[in-house]
Structure formats: C-alpha cells, structure tokens
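Student: Next up, structure-v7.cif (mmCIF, C-alpha atoms).
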```cif
data_final
#
loop_
_atom_site.label_atom_id
_atom_site.label_comp_id
_atom_site.auth_asym_id
_atom_site.auth_seq_id
_atom_site.Cartn_x
_atom_site.Cartn_y
_atom_site.Cartn_z
CA MET A 16 -47.91 3.28 11.21
CA SER A 17 -45.60 0.70 12.74
CA MET A 18 -43.69 -1.89 10.75
CA ASN A 19 -45.18 -5.36 10.47
CA PHE A 20 -43.12 -8.52 10.89
CA SER A 21 -42.72 -9.19 7.18
CA GLU A 22 -41.50 -5.65 6.51
CA PHE A 23 -39.09 -5.85 9.43
CA LYS A 24 -37.69 -9.16 8.22
CA LYS A 25 -37.07 -7.70 4.77
CA LEU A 26 -35.43 -4.64 6.24
CA MET A 27 -33.11 -6.78 8.36
CA GLY A 28 -32.20 -8.79 5.28
CA ALA A 29 -31.37 -5.65 3.33
CA ASP A 30 -29.94 -3.38 5.98
CA PRO A 31 -29.13 -5.25 9.19
CA ARG A 32 -27.09 -2.38 10.65
CA ASN A 33 -30.04 0.00 10.36
CA ARG A 34 -30.44 1.90 13.62
CA ASP A 35 -33.10 4.46 12.84
CA ALA A 36 -35.77 5.12 15.43
CA GLU A 37 -38.56 3.27 13.65
CA THR A 38 -36.42 0.16 13.23
CA LEU A 39 -35.37 0.18 16.88
CA ARG A 40 -38.99 0.60 17.97
CA ALA A 41 -40.03 -2.34 15.83
CA ARG A 42 -37.16 -4.42 17.13
CA ASP A 43 -38.24 -3.89 20.72
CA SER A 44 -41.92 -4.46 19.99
CA ALA A 45 -41.95 -8.27 20.23
CA PRO A 46 -39.59 -11.24 20.88
CA GLU A 47 -39.84 -12.54 17.29
CA PHE A 48 -38.68 -9.14 15.99
CA GLU A 49 -35.79 -9.24 18.45
CA ALA A 50 -34.85 -12.76 17.32
CA VAL A 51 -34.83 -11.79 13.63
CA ALA A 52 -32.65 -8.78 14.36
CA ALA A 53 -30.19 -10.86 16.41
CA GLU A 54 -29.96 -13.47 13.67
CA ALA A 55 -29.40 -10.80 11.01
CA GLU A 56 -26.65 -9.21 13.07
CA ALA A 57 -24.92 -12.53 13.63
CA PHE A 58 -24.97 -13.26 9.91
CA GLU A 59 -23.71 -9.78 9.15
CA GLN A 60 -20.77 -10.27 11.45
CA ARG A 61 -19.85 -13.50 9.68
CA LEU A 62 -20.22 -11.78 6.32
CA GLU A 63 -18.02 -8.86 7.31
CA HIS A 64 -15.32 -11.22 8.62
CA ALA A 65 -15.44 -13.17 5.37
CA LEU A 66 -15.01 -10.01 3.30
CA HIS A 67 -12.26 -8.63 5.49
CA ILE A 68 -9.30 -10.14 3.66
CA GLN A 69 -5.68 -9.19 4.15
CA VAL A 70 -4.32 -6.41 1.99
CA PRO A 71 -0.80 -6.75 0.48
CA ASP A 72 1.73 -4.82 2.57
CA GLU A 73 3.38 -3.22 -0.43
CA LEU A 74 0.19 -1.87 -1.99
CA LEU A 75 0.23 1.51 -0.28
CA ASP A 76 3.90 2.08 -1.12
CA ARG A 77 3.24 1.25 -4.75
CA ILE A 78 0.39 3.74 -4.84
CA LYS A 79 2.40 6.49 -3.19
CA VAL A 80 5.06 6.16 -5.89
CA ILE A 81 2.44 7.44 -8.32
CA SER A 82 2.56 10.88 -6.74
CA GLN A 83 6.18 11.19 -7.83
CA GLN A 84 5.06 11.29 -11.46
CA PRO A 85 4.88 14.63 -13.21
CA VAL A 86 1.42 15.97 -13.88
CA ARG A 87 0.74 17.28 -17.33
CA GLN A 88 0.32 21.04 -17.29
CA ARG A 89 -3.03 22.43 -18.31
CA ASN A 90 -2.17 26.08 -17.99
CA TRP A 91 -3.68 28.37 -20.58
CA ILE A 92 -1.06 29.59 -23.01
CA PRO A 93 -1.59 32.99 -24.58
CA LEU A 94 -2.46 32.65 -28.25
CA ALA A 95 0.59 34.45 -29.61
CA LEU A 96 2.93 32.34 -27.52
CA ALA A 97 1.13 29.18 -28.58
CA ALA A 98 1.43 30.13 -32.24
CA SER A 99 5.16 30.75 -32.00
CA PHE A 100 5.55 27.52 -30.07
CA LEU A 101 3.78 25.58 -32.82
CA VAL A 102 6.02 27.09 -35.47
CA PHE A 103 9.04 25.99 -33.43
CA VAL A 104 7.70 22.48 -32.91
CA GLY A 105 6.83 22.17 -36.59
CA ALA A 106 10.34 23.15 -37.64
CA ALA A 107 11.91 20.83 -35.11
CA GLY A 108 9.67 17.99 -36.25
CA LEU A 109 10.71 18.53 -39.86
CA VAL A 110 14.39 18.32 -38.95
CA TRP A 111 13.73 15.17 -36.94
CA LYS A 112 11.80 13.54 -39.80
CA GLN A 113 14.54 14.28 -42.27
CA SER A 114 17.15 12.63 -40.11
CA HIS A 115 15.00 9.59 -39.23
CA GLN A 116 13.18 8.13 -42.17
CA TRP A 117 12.36 4.46 -42.54
CA ASP A 118 10.48 2.63 -45.26
CA SER A 119 8.77 0.38 -42.78
CA VAL A 120 8.48 -0.45 -39.10
CA GLU A 121 10.64 -3.51 -39.73
CA ALA A 122 13.39 -1.32 -41.20
CA TYR A 123 13.10 1.00 -38.22
CA VAL A 124 13.49 -1.85 -35.73
CA VAL A 125 16.59 -3.17 -37.45
CA ASP A 126 18.09 0.32 -37.80
CA HIS A 127 17.30 1.30 -34.24
CA TYR A 128 18.67 -1.82 -32.61
CA SER A 129 21.75 -1.87 -34.84
CA HIS A 130 22.39 1.75 -33.87
CA ASP A 131 22.58 1.32 -30.09
CA GLY A 132 20.73 -1.80 -28.93
CA SER A 133 23.76 -3.85 -27.91
CA ARG A 134 25.66 -0.83 -26.63
CA VAL A 135 22.81 0.12 -24.31
CA ILE A 136 22.73 -3.38 -22.84
CA ASP A 137 26.50 -3.42 -22.36
CA GLN A 138 26.44 -0.09 -20.55
CA ILE A 139 23.72 -0.95 -18.03
CA LYS A 140 25.05 -0.66 -14.51
CA GLY A 141 22.86 -1.49 -11.54
CA GLY A 142 19.12 -0.99 -11.47
CA ILE A 143 16.69 1.79 -12.13
CA THR A 144 14.12 3.32 -9.81
CA GLN A 145 10.40 2.83 -10.27
CA GLN A 146 10.18 6.60 -10.20
CA ALA A 147 12.43 6.94 -13.24
CA ILE A 148 10.43 4.31 -15.12
CA SER A 149 7.13 5.98 -14.26
CA LYS A 150 8.44 9.41 -15.19
CA ILE A 151 9.38 8.44 -18.75
CA LEU A 152 6.34 6.26 -19.42
CA ALA A 153 3.96 8.88 -18.05
CA ARG A 154 5.19 11.30 -20.71
CA LEU A 155 4.08 8.73 -23.25
CA ASP A 156 0.69 8.24 -21.53
CA ALA A 157 1.77 4.80 -20.39
CA SER A 158 2.77 2.98 -17.24
CA ALA A 159 4.46 -0.30 -16.39
CA ASP A 160 2.83 -2.58 -13.87
CA HIS A 161 4.07 -5.64 -12.07
CA PRO A 162 5.68 -7.94 -13.21
CA LEU A 163 7.19 -5.94 -16.09
CA SER A 164 8.10 -3.00 -13.86
CA ASP A 165 10.11 -5.29 -11.57
CA HIS A 166 12.29 -6.46 -14.45
CA ILE A 167 13.05 -3.18 -16.20
CA ARG A 168 16.77 -2.40 -15.98
CA PHE A 169 16.96 0.58 -18.33
CA ILE A 170 14.62 3.04 -20.01
CA LYS A 171 15.07 6.12 -22.19
CA PHE A 172 13.15 8.09 -24.77
CA CYS A 173 13.89 7.15 -28.35
CA PRO A 174 12.70 8.08 -31.83
CA THR A 175 10.09 5.84 -33.47
CA PRO A 176 8.53 6.01 -36.94
CA ASP A 177 5.72 8.19 -35.59
CA GLY A 178 7.18 10.32 -32.85
CA ARG A 179 8.76 9.70 -29.50
CA GLY A 180 8.76 6.30 -27.85
CA ALA A 181 10.65 4.38 -25.19
CA HIS A 182 13.66 2.10 -25.38
CA ILE A 183 13.39 -0.37 -22.52
CA VAL A 184 15.68 -3.18 -21.44
CA VAL A 185 14.10 -5.97 -19.41
CA SER A 186 16.03 -8.67 -17.57
CA THR A 187 14.83 -12.23 -18.12
CA GLU A 188 16.08 -15.66 -17.13
CA GLN A 189 17.60 -15.93 -20.60
CA GLY A 190 19.34 -12.56 -20.47
CA PRO A 191 18.36 -8.99 -21.35
CA VAL A 192 15.57 -8.37 -23.84
CA THR A 193 14.91 -5.00 -25.46
CA VAL A 194 11.40 -3.61 -25.79
CA ILE A 195 10.79 -0.61 -28.02
CA TYR A 196 7.46 1.01 -27.21
CA MET A 197 5.99 2.94 -30.16
CA PRO A 198 2.95 4.90 -28.87
CA ASN A 199 1.70 6.01 -32.29
CA THR A 200 2.64 3.14 -34.55
CA GLN A 201 0.63 0.08 -35.55
CA VAL A 202 2.43 -3.07 -36.67
CA ALA A 203 1.59 -6.38 -38.34
CA ASP A 204 0.75 -8.12 -35.08
CA GLY A 205 2.86 -11.22 -34.44
CA GLU A 206 5.33 -10.58 -37.25
CA THR A 207 8.91 -11.64 -36.63
CA VAL A 208 11.91 -9.73 -38.00
CA ARG A 209 15.29 -11.49 -38.14
CA PHE A 210 18.58 -9.63 -38.49
CA ASP A 211 22.20 -10.40 -37.59
CA ARG A 212 21.90 -12.79 -34.64
CA MET A 213 18.76 -11.14 -33.38
CA HIS A 214 15.04 -11.54 -33.82
CA ALA A 215 12.25 -9.07 -33.06
CA LEU A 216 8.60 -9.78 -32.46
CA LEU A 217 6.12 -7.01 -33.29
CA VAL A 218 2.97 -6.76 -31.18
CA ASN A 219 0.13 -4.29 -31.19
CA LEU A 220 -0.93 -2.92 -27.82
CA GLU A 221 -4.12 -1.20 -26.82
CA HIS A 222 -2.54 2.02 -27.99
CA GLY A 223 0.52 1.81 -30.19
CA SER A 224 2.77 -1.18 -30.38
CA ALA A 225 6.00 -2.73 -29.20
CA ALA A 226 8.97 -4.50 -30.73
CA ILE A 227 10.40 -7.18 -28.46
CA ILE A 228 13.99 -7.83 -29.46
CA GLY A 229 16.33 -10.57 -28.29
CA GLU A 230 19.02 -12.91 -29.49
CA GLN A 231 17.74 -15.73 -31.66
CA GLU A 232 18.42 -18.25 -28.89
CA GLN A 233 16.16 -16.31 -26.54
CA ASN A 234 12.48 -17.20 -26.31
CA ILE A 235 10.98 -13.73 -26.71
CA GLU A 236 7.45 -15.11 -27.20
CA ASN A 237 7.30 -15.44 -23.41
CA MET A 238 7.60 -11.69 -23.16
CA VAL A 239 4.51 -10.96 -25.23
CA VAL A 240 2.01 -11.72 -22.48
CA MET A 241 3.99 -9.76 -19.92
CA VAL A 242 4.28 -6.72 -22.18
CA ARG A 243 0.63 -6.85 -23.19
CA ASN A 244 -0.61 -7.22 -19.61
CA SER A 245 1.83 -4.96 -17.81
CA LEU A 246 2.50 -2.13 -20.23
CA LYS A 247 -0.57 0.06 -19.86
CA THR A 248 -0.90 2.40 -22.80
CA GLY A 249 -3.13 5.26 -23.87
CA LEU A 250 -3.74 6.46 -20.32
CA VAL A 251 -5.77 9.64 -20.29
CA ASP A 252 -7.11 11.91 -17.62
CA THR A 253 -10.25 10.76 -15.90
CA MET B 16 4.33 24.30 1.78
CA THR B 17 4.43 24.33 -2.01
CA THR B 18 1.49 23.49 -4.23
CA ASP B 19 3.18 20.31 -5.41
CA THR B 20 3.79 19.23 -1.86
CA GLU B 21 0.18 19.93 -0.94
CA ARG B 22 -0.99 17.94 -3.93
CA THR B 23 1.20 15.00 -2.98
CA HIS B 24 0.06 15.23 0.62
CA ARG B 25 -3.58 15.26 -0.48
CA PHE B 26 -3.02 12.26 -2.72
CA ASN B 27 -1.23 10.30 -0.02
CA GLU B 28 -4.07 10.99 2.40
CA LEU B 29 -6.52 9.55 -0.12
CA ALA B 30 -4.30 6.52 -0.62
CA GLU B 31 -4.03 5.91 3.11
CA ALA B 32 -7.74 6.38 3.67
CA TYR B 33 -9.13 4.32 0.80
CA SER B 34 -6.57 1.95 -0.72
CA THR B 35 -7.42 -0.88 1.69
CA ASP B 36 -11.16 -0.81 1.04
CA LEU B 37 -10.62 -0.29 -2.68
CA TYR B 38 -8.34 -3.32 -2.84
CA ARG B 39 -10.91 -5.47 -1.01
CA TYR B 40 -13.67 -4.20 -3.24
CA ALA B 41 -11.55 -4.81 -6.37
CA LEU B 42 -10.67 -8.31 -5.25
CA TRP B 43 -14.29 -9.23 -4.62
CA ILE B 44 -15.48 -7.92 -7.96
CA CYS B 45 -12.69 -9.50 -10.01
CA GLY B 46 -11.61 -12.49 -7.92
CA ASN B 47 -7.95 -12.13 -8.82
CA ASP B 48 -5.24 -10.73 -6.59
CA ALA B 49 -2.93 -9.43 -9.33
CA LEU B 50 -5.78 -7.84 -11.23
CA ALA B 51 -7.16 -6.29 -8.04
CA LYS B 52 -3.79 -4.68 -7.33
CA ASP B 53 -3.61 -3.44 -10.92
CA LEU B 54 -7.10 -2.00 -10.68
CA VAL B 55 -6.30 -0.12 -7.48
CA GLN B 56 -3.03 1.23 -8.86
CA GLU B 57 -4.73 2.23 -12.08
CA THR B 58 -7.45 3.94 -10.08
CA PHE B 59 -4.96 5.97 -8.11
CA LEU B 60 -2.92 6.78 -11.23
CA ARG B 61 -6.02 8.29 -12.81
CA ALA B 62 -6.92 9.97 -9.55
CA TRP B 63 -3.47 11.52 -9.35
CA ARG B 64 -3.79 12.95 -12.82
CA ALA B 65 -7.28 14.29 -12.20
CA LEU B 66 -6.79 15.28 -8.57
CA ASP B 67 -7.34 18.97 -9.26
CA SER B 68 -10.87 18.20 -10.42
CA LEU B 69 -11.77 16.81 -7.00
CA ASN B 70 -13.19 19.86 -5.27
CA ASP B 71 -15.13 18.15 -2.51
CA VAL B 72 -13.06 15.89 -0.26
CA ALA B 73 -16.27 14.32 1.03
CA ALA B 74 -16.90 12.99 -2.48
CA ALA B 75 -13.48 11.34 -2.73
CA LYS B 76 -14.61 7.84 -1.80
CA SER B 77 -17.44 7.82 -4.33
CA TRP B 78 -15.11 9.35 -6.95
CA LEU B 79 -12.48 6.67 -6.46
CA ILE B 80 -15.06 3.87 -6.55
CA THR B 81 -16.42 5.25 -9.81
CA ILE B 82 -12.93 5.34 -11.33
CA LEU B 83 -12.26 1.77 -10.21
CA ARG B 84 -15.57 0.46 -11.52
CA ARG B 85 -14.98 2.18 -14.85
CA GLU B 86 -11.47 0.76 -15.06
CA PHE B 87 -12.79 -2.71 -14.26
CA ALA B 88 -15.34 -2.40 -17.06
CA ARG B 89 -12.59 -1.29 -19.43
CA THR B 90 -10.48 -4.29 -18.41
CA PHE B 91 -13.33 -6.62 -19.31
CA GLU B 92 -13.76 -4.88 -22.64
CA ARG B 93 -10.14 -5.69 -23.43
CA LYS B 94 -10.03 -9.24 -22.12
CA VAL B 95 -11.72 -11.52 -19.62
CA PRO B 96 -9.23 -12.03 -16.80
CA VAL B 97 -8.28 -15.54 -15.79
CA PHE B 98 -9.15 -16.26 -12.18
CA THR B 99 -6.51 -18.68 -11.05
CA ASP B 100 -5.20 -17.64 -7.70
CA LEU B 101 -8.36 -17.11 -5.74
CA GLU B 102 -7.81 -19.78 -3.15
CA LYS B 103 -4.31 -18.55 -2.49
CA VAL B 104 -5.67 -15.15 -1.59
CA LEU B 105 -8.80 -16.20 0.21
CA ILE B 106 -7.25 -18.79 2.47
CA VAL B 107 -5.05 -16.17 4.10
CA ASP B 108 -6.64 -15.03 7.34
CA ASP B 109 -5.14 -12.98 10.12
CA GLU B 110 -6.86 -15.00 12.83
CA GLU B 111 -6.92 -18.67 13.65
CA LEU B 112 -10.32 -20.29 13.32
CA GLU B 113 -11.77 -23.64 14.23
CA PRO B 114 -11.89 -25.87 11.11
CA ASP B 115 -15.68 -25.68 10.90
CA ASP B 116 -15.65 -21.89 11.17
CA GLN B 117 -12.91 -21.64 8.56
CA ALA B 118 -14.86 -23.95 6.25
CA GLU B 119 -17.98 -21.85 6.70
CA ARG B 120 -16.05 -18.65 6.04
CA ASN B 121 -14.58 -20.10 2.88
CA LEU B 122 -18.02 -21.18 1.73
CA LEU B 123 -19.33 -17.73 2.36
CA ARG B 124 -16.49 -16.29 0.30
CA LYS B 125 -17.18 -18.69 -2.53
CA GLY B 126 -20.81 -17.70 -2.33
CA ILE B 127 -19.97 -14.00 -2.57
CA LEU B 128 -17.91 -14.60 -5.69
CA LYS B 129 -20.71 -16.61 -7.23
CA LEU B 130 -23.28 -13.86 -6.74
CA GLU B 131 -24.39 -12.08 -9.86
CA PRO B 132 -22.93 -8.57 -10.07
CA LYS B 133 -26.33 -6.96 -9.57
CA TYR B 134 -26.48 -8.57 -6.11
CA ARG B 135 -22.80 -8.48 -5.28
CA ASP B 136 -22.18 -4.82 -6.12
CA PRO B 137 -24.61 -3.27 -3.64
CA LEU B 138 -23.62 -5.81 -1.00
CA LEU B 139 -19.95 -4.87 -1.32
CA LEU B 140 -20.67 -1.16 -1.26
CA GLN B 141 -22.63 -1.68 1.93
CA THR B 142 -20.31 -4.05 3.76
CA VAL B 143 -16.88 -2.96 2.52
CA PHE B 144 -17.44 0.79 2.29
CA GLY B 145 -20.22 1.16 4.84
CA TYR B 146 -22.53 2.86 2.38
CA SER B 147 -26.17 3.46 3.27
CA CYS B 148 -28.89 2.27 0.90
CA THR B 149 -29.36 5.85 -0.31
CA GLU B 150 -25.64 6.21 -1.05
CA ILE B 151 -25.62 2.89 -2.90
CA SER B 152 -28.55 3.98 -5.03
CA GLU B 153 -26.65 7.16 -5.94
CA GLN B 154 -23.44 5.27 -6.68
CA LEU B 155 -25.12 2.67 -8.86
CA GLY B 156 -27.76 4.92 -10.37
CA ILE B 157 -30.70 2.74 -9.34
CA THR B 158 -33.61 3.38 -6.99
CA LYS B 159 -33.30 2.89 -3.26
CA SER B 160 -36.10 0.35 -3.41
CA ALA B 161 -34.16 -1.68 -6.01
CA VAL B 162 -31.08 -1.50 -3.81
CA MET B 163 -33.06 -2.83 -0.81
CA THR B 164 -34.41 -5.71 -2.89
CA GLN B 165 -30.99 -6.64 -4.25
CA LEU B 166 -29.37 -6.50 -0.84
CA PHE B 167 -32.10 -8.70 0.64
CA ARG B 168 -31.78 -11.22 -2.19
CA ALA B 169 -27.99 -11.22 -2.01
CA ARG B 170 -28.09 -12.24 1.64
CA GLU B 171 -30.83 -14.79 1.02
CA LYS B 172 -28.74 -16.41 -1.71
CA LEU B 173 -25.72 -16.59 0.57
CA LYS B 174 -27.75 -18.11 3.39
CA THR B 175 -29.32 -20.63 1.04
CA GLN B 176 -25.90 -21.60 -0.26
CA LEU B 177 -24.57 -22.06 3.26
CA GLN B 178 -27.55 -24.13 4.30
CA LYS B 179 -27.28 -26.26 1.19
CA ASP B 180 -23.62 -27.01 1.76
CA GLY B 181 -24.19 -27.48 5.47
CA VAL B 182 -26.84 -30.13 4.81
CA THR B 183 -24.83 -32.05 2.25
CA GLY B 184 -21.68 -31.74 4.33
CA ASN B 185 -19.46 -31.20 1.29
CA VAL B 186 -17.74 -28.08 2.46
CA HIS B 187 -14.25 -29.38 1.76
CA GLU B 188 -14.71 -30.36 -1.84
CA LEU B 189 -14.29 -26.77 -2.95
CA PHE B 190 -10.70 -26.61 -1.73
#
```
Would it be possible to restate this file's structure as structure tokens?
Tutor:
Amino acid sequence: MSMNFSEFKKLMGADPRNRDAETLRARDSAPEFEAVAAEAEAFEQRLEHALHIQVPDELLDRIKVISQQPVRQRNWIPLALAASFLVFVGAAGLVWKQSHQWDSVEAYVVDHYSHDGSRVIDQIKGGITQQAISKILARLDASADHPLSDHIRFIKFCPTPDGRGAHIVVSTEQGPVTVIYMPNTQVADGETVRFDRMHALLVNLEHGSAAIIGEQEQNIENMVVMVRNSLKTGLVDT
Amino acid sequence: MTTDTERTHRFNELAEAYSTDLYRYALWICGNDALAKDLVQETFLRAWRALDSLNDVAAAKSWLITILRREFARTFERKVPVFTDLEKVLIVDDEELEPDDQAERNLLRKGILKLEPKYRDPLLLQTVFGYSCTEISEQLGITKSAVMTQLFRAREKLKTQLQKDGVTGNVHELF
C-alpha cells in the first residue's frame, strides 16, 4: 500500500534524507509530495550548516597525547608469584609506614612541605611535558585537564598519609603554588593550615583530596576551583 | 610493528575519525566549549584504557558515543556546568553569510540548545553522526517509532521557533 500525504509529511519531518524505494515512489507520485520533500531538504541543509561548528585546532593533538600514557597491565599472574609479590609489598608497606607516620593530615602537610616544598620550587628549571604529567597522574588514576595542565611546572610521586600521591607545582600570577594530591585521603574540606610563612588549604576531590600550599601573601583560594575542575580523579576503566 | 605501536595507531585512527563529530555532539549537548573539550578528552582517555575490549571496529562510533554520554551524565551528577561562553563559540563560522542568514543560523542554534534532551539527542545523532532511525533507537534504547516521533517533533519545534522570531523580527535581541 502506498504512503498517503500525511504519512509522507511525517516521514519527511523525521527522516528527510530517507532515500528508500517507497519514499522515492511517494515523492514522485504528486507535486505536493515533491514540494514537501524539497522543503524538508532545504530545512535540513540549514540545520546541518547550523550544527557544523568549527572544532578547535588543538583538540586532536590533545587527544593523541593520551596514547602516550601507560596502560595498566591486566595479565594473569600465576598464584604462587602473586602470593610472593603480596608478601613483598606487605613488607615494603610496613617499612614505609614506620618511616612516615603522622598524627593528622595537617601534620603531614606541614611535615611534607617543610621537608622539600621550598627546595623543589627552587630547583625547577624549565617546563615539563604533558606526557610526563599524564604518566604520573595516570598511575594514580587521575589526569590533569586544561587549564591546570597548562600551568604545571613540576610533578613527582610523593608519600601521603594513605599511600602514594603526587607533589605538583603550579605557576600562578602570584608565583608558584604547591598542590599535594592525596588519592586515598579525605580531609576537613576548606580547612586552612598555617605554618612558618605558608598557608595550606585542604580540599576534598571526587576521589581523595588535595592540599594547596602557598605563601601567606598568595591567594590560594583562587586555585581551588581550578584544582577541583581540572584534576580528574578516580578514573577507572570503562 | 609492535603491539604497543599497533594499539597507538588504532587509537589515533579512532581519534582522527571521530573526535570532530564527538566534539560537535558534546558541544550541542552541554553548550559549553571548555566542557565539550573535557568531555571528548575524557571519552578518549577511557577509550584508550579500554581499547582492548573493542573487538569490532564497526562498533567504535557507537562505543565512543556511549562513553561520552555516560561521562556527560557523570559530570551532571557532580555539578551543573555553567554555560557562559556559548555565543563566543557559536558565532564563529568558517563562511561569510549575509546578515539575515547569519541571524537565522544563530536562531536555529539557539533553538537547538533550547530543545529538551529527548528531542535534541536523536536529532544530533541523526544530523551530526548520520545515524539512521534504527541506529538511533539502538543507541538510545527506545523504539524506532518513538525515535521517528521525537525527530519529527524536534524539527517542528525548531521551525515554530524560527517562524515565531521571524514574525516578531526580534532576531538580534538574543545576541
């Protein structure tokens, strides 16, 4: 049975690029069908032009950088090997715990920054590649997006109260600011810690938390939004 | 060629084939350039990590769209993005238009952003990705008949909006 005018009109409204045999037959069956089809096509062209926006030039390059990240291995480990590995990790963890014990996150932040915070900043020479940033953060199931990624000048693994984290130095208009990312630690969100001539702001992230540390003259509150929006945490396989 | 090199090559092919359409799709569903770029990068980051699970290359487009849509939903669970730079993005065109044509195009774009997601989603899948109604129904998990209805209504709403603004002549007040 052939398509009536009402059905054809609805079809053209839903699927104007439809070229199946029945549609083409209906289109050619009468001038009013032809007119509806022509009108639908004209509108579709305008719609497609409207949707066809420019794509940022750098997008593809930014995506291709992703492929330089290491992929977590999923190889099956024989049971005996796994057991011995766990014993080793357990022993290593115990040694690490004994040498790094803090009563609180606040104490950790003060101890950590006092240990090498200023020295790290003083020793920064030149920039760091996006690849290096991605590589370290990926190991912590995290990534840094624009604009944070553009301002990172230094990154390294560091101990945190609950395992490995990242020590990051970010350049700002007011000078370098240190961000300690703690993937497994929760903090009193918004708490400020003051020590020496420094102050640190503790913020919870989607997974884990961060301590944003700067000199007391520096406005580190400005960094909170950037860190929260740009430091993607808790990334897992899809 | 090593396995790692093959993997990278495969990933880069996906990026070259789909990043443009995914960015356009992301921008039209979120209305924010920075967030759209984040969504696309996040999509490819997850794709990179899960690339070995993609056995059928023909399913790559649908797979990437699903990842992006899921990531967009997760973003909204965390926070509602602020749409501030829409005009800046939308006004950029790679061709010069007569003022009336440009105004109409801008109105159409505004109309697309105003559409409810249930109308906008199938329309974008059809016009940005070239999906058929059957493919859209599979992607969105709704019947083909529902897809046809939503596509028809989406276009009707856009036409109505254009006619309304055309009659009142207030096309410039939006910008």
Student: Using only C-alpha atoms, find each residue of chain A with at least one atom at most 9 Å away from an atom of chain B; report its shortest atom-to-atom pair and that distance in Å (one decimal), sort the rows by chain and rising residue number, and return the result as a Markdown table.
Tutor:
```
| residue | atom | partner | partner_atom | distance |
| --- | --- | --- | --- | --- |
| A:Lys25 | CA | B:Phe167 | CA | 6.5 |
| A:Leu26 | CA | B:Met163 | CA | 7.7 |
| A:Met27 | CA | B:Phe167 | CA | 8.0 |
| A:Gly28 | CA | B:Phe167 | CA | 4.6 |
| A:Ala29 | CA | B:Phe167 | CA | 4.1 |
| A:Asp30 | CA | B:Met163 | CA | 7.5 |
| A:Asn33 | CA | B:Ser147 | CA | 8.8 |
| A:Phe58 | CA | B:Lys174 | CA | 8.6 |
| A:Glu59 | CA | B:Thr142 | CA | 8.6 |
| A:Arg61 | CA | B:Arg120 | CA | 7.4 |
| A:Leu62 | CA | B:Leu123 | CA | 7.2 |
| A:Glu63 | CA | B:Thr142 | CA | 6.4 |
| A:His64 | CA | B:Arg120 | CA | 7.9 |
| A:Ala65 | CA | B:Arg120 | CA | 5.6 |
| A:Leu66 | CA | B:Arg124 | CA | 7.1 |
| A:His67 | CA | B:Arg39 | CA | 7.4 |
| A:Ile68 | CA | B:Asp108 | CA | 6.7 |
| A:Gln69 | CA | B:Asp108 | CA | 6.7 |
| A:Val70 | CA | B:Thr35 | CA | 6.3 |
| A:Pro71 | CA | B:Lys52 | CA | 8.6 |
| A:Leu74 | CA | B:Lys52 | CA | 7.2 |
| A:Leu75 | CA | B:Ala30 | CA | 6.8 |
| A:Arg77 | CA | B:Gln56 | CA | 7.5 |
| A:Ile78 | CA | B:Gln56 | CA | 5.8 |
| A:Lys79 | CA | B:Asn27 | CA | 6.1 |
| A:Ile81 | CA | B:Leu60 | CA | 6.1 |
| A:Ser82 | CA | B:Thr23 | CA | 5.7 |
| A:Gln83 | CA | B:Thr23 | CA | 7.9 |
| A:Gln84 | CA | B:Trp63 | CA | 8.8 |
| A:Pro85 | CA | B:Arg64 | CA | 8.8 |
| A:Val86 | CA | B:Arg64 | CA | 6.1 |
| A:Arg87 | CA | B:Arg64 | CA | 7.7 |
| A:Asp160 | CA | B:Asp53 | CA | 7.1 |
| A:His161 | CA | B:Asp53 | CA | 8.1 |
| A:Glu221 | CA | B:Arg93 | CA | 8.2 |
| A:Ser245 | CA | B:Asp53 | CA | 8.9 |
| A:Leu250 | CA | B:Arg61 | CA | 8.1 |
| A:Val251 | CA | B:Arg61 | CA | 7.6 |
| A:Asp252 | CA | B:Ala65 | CA | 5.9 |
| A:Thr253 | CA | B:Arg61 | CA | 5.8 |
```
Student: For region 36-42 of chain A, please output as a PDB file with C-alpha atoms, keeping the file's coordinate frame all residues within 9 Å (counting only C-alpha atoms; exclusion window: fewer than 2 positions along the same chain).
Tutor:
```pdb
ATOM      1  CA  SER A  17     -45.600   0.700  12.740  1.00  0.00           C
ATOM      2  CA  MET A  18     -43.690  -1.890  10.750  1.00  0.00           C
ATOM      3  CA  ASN A  19     -45.180  -5.360  10.470  1.00  0.00           C
ATOM      4  CA  PHE A  20     -43.120  -8.520  10.890  1.00  0.00           C
ATOM      5  CA  PHE A  23     -39.090  -5.850   9.430  1.00  0.00           C
ATOM      6  CA  LEU A  26     -35.430  -4.640   6.240  1.00  0.00           C
ATOM      7  CA  ASN A  33     -30.040   0.000  10.360  1.00  0.00           C
ATOM      8  CA  ARG A  34     -30.440   1.900  13.620  1.00  0.00           C
ATOM      9  CA  SER A  44     -41.920  -4.460  19.990  1.00  0.00           C
ATOM     10  CA  ALA A  45     -41.950  -8.270  20.230  1.00  0.00           C
ATOM     11  CA  PRO A  46     -39.590 -11.240  20.880  1.00  0.00           C
ATOM     12  CA  GLU A  47     -39.840 -12.540  17.290  1.00  0.00           C
ATOM     13  CA  PHE A  48     -38.680  -9.140  15.990  1.00  0.00           C
ATOM     14  CA  GLU A  49     -35.790  -9.240  18.450  1.00  0.00           C
ATOM     15  CA  ALA A  50     -34.850 -12.760  17.320  1.00  0.00           C
ATOM     16  CA  VAL A  51     -34.830 -11.790  13.630  1.00  0.00           C
ATOM     17  CA  ALA A  52     -32.650  -8.780  14.360  1.00  0.00           C
TER      18      ALA A  52
END
```
Student: Can you work out which one of A:Ile143, A:Ile183, A:Val240, A:Ile195 has the shortest atom-to-atom distance to Val124 (chain A), counting all atoms listed in the file?
Tutor: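 Residue with the minimum atom-to-atom distance to Val124 (chain A): A:Ile195.
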Student: Take CA of Asp204 (chain A) and CA of Arg154 (chain A) and report the distance between them in Å, one decimal.
Tutor: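 Separation of CA of Asp204 (chain A) and CA of Arg154 (chain A): 24.6 Å.
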Student: On this structure, the PyMOL selection byres ((chain B and resi 77) around 12) would catch which residues? List them as a list in words, sorted by chain and number.
Tutor: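 Taken on the displayed file, the PyMOL selection byres ((chain B and resi 77) around 12) yields the residues Leu29, Tyr33, Asp36, Leu37, Ala62, Leu69, Asp71, Val72, Ala73, Ala74, Ala75, Lys76, Trp78, Leu79, Ile80, Thr81, Ile82, Leu83, Arg84, Leu140, Phe144, Gly145, Tyr146, Glu150, Ile151, Ser152, Glu153, Gln154 and Leu155 of chain B.
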Student: Please list as a ChimeraX atom specification every residue within 8 Å of Ile235 (chain A), counting only C-alpha atoms and excluding residues in the same chain fewer than 6 positions away.
Tutor: /A:192,215-216,227-229
Student: Figure out the distance between CA of Gly156 (chain B) and CA of Ala55 (chain A), please, to one decimal in Å.
Tutor: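 Value for the CA of Ala55 (chain A)-CA of Gly156 (chain B) distance: 26.6 Å.
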Student: Suppose a student applies the PyMOL selection byres ((chain A and resi 187) around 12) to this structure; what residues should they get, written as a count of residues only?
Tutor: 22
Student: Just to confirm, what's the straight-line distance from CA of Leu152 (chain A) to CA of Thr18 (chain B) in Å (one decimal)?
Tutor: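 Atom-to-atom, CA of Leu152 (chain A) and CA of Thr18 (chain B) are spaced 23.5 Å apart.
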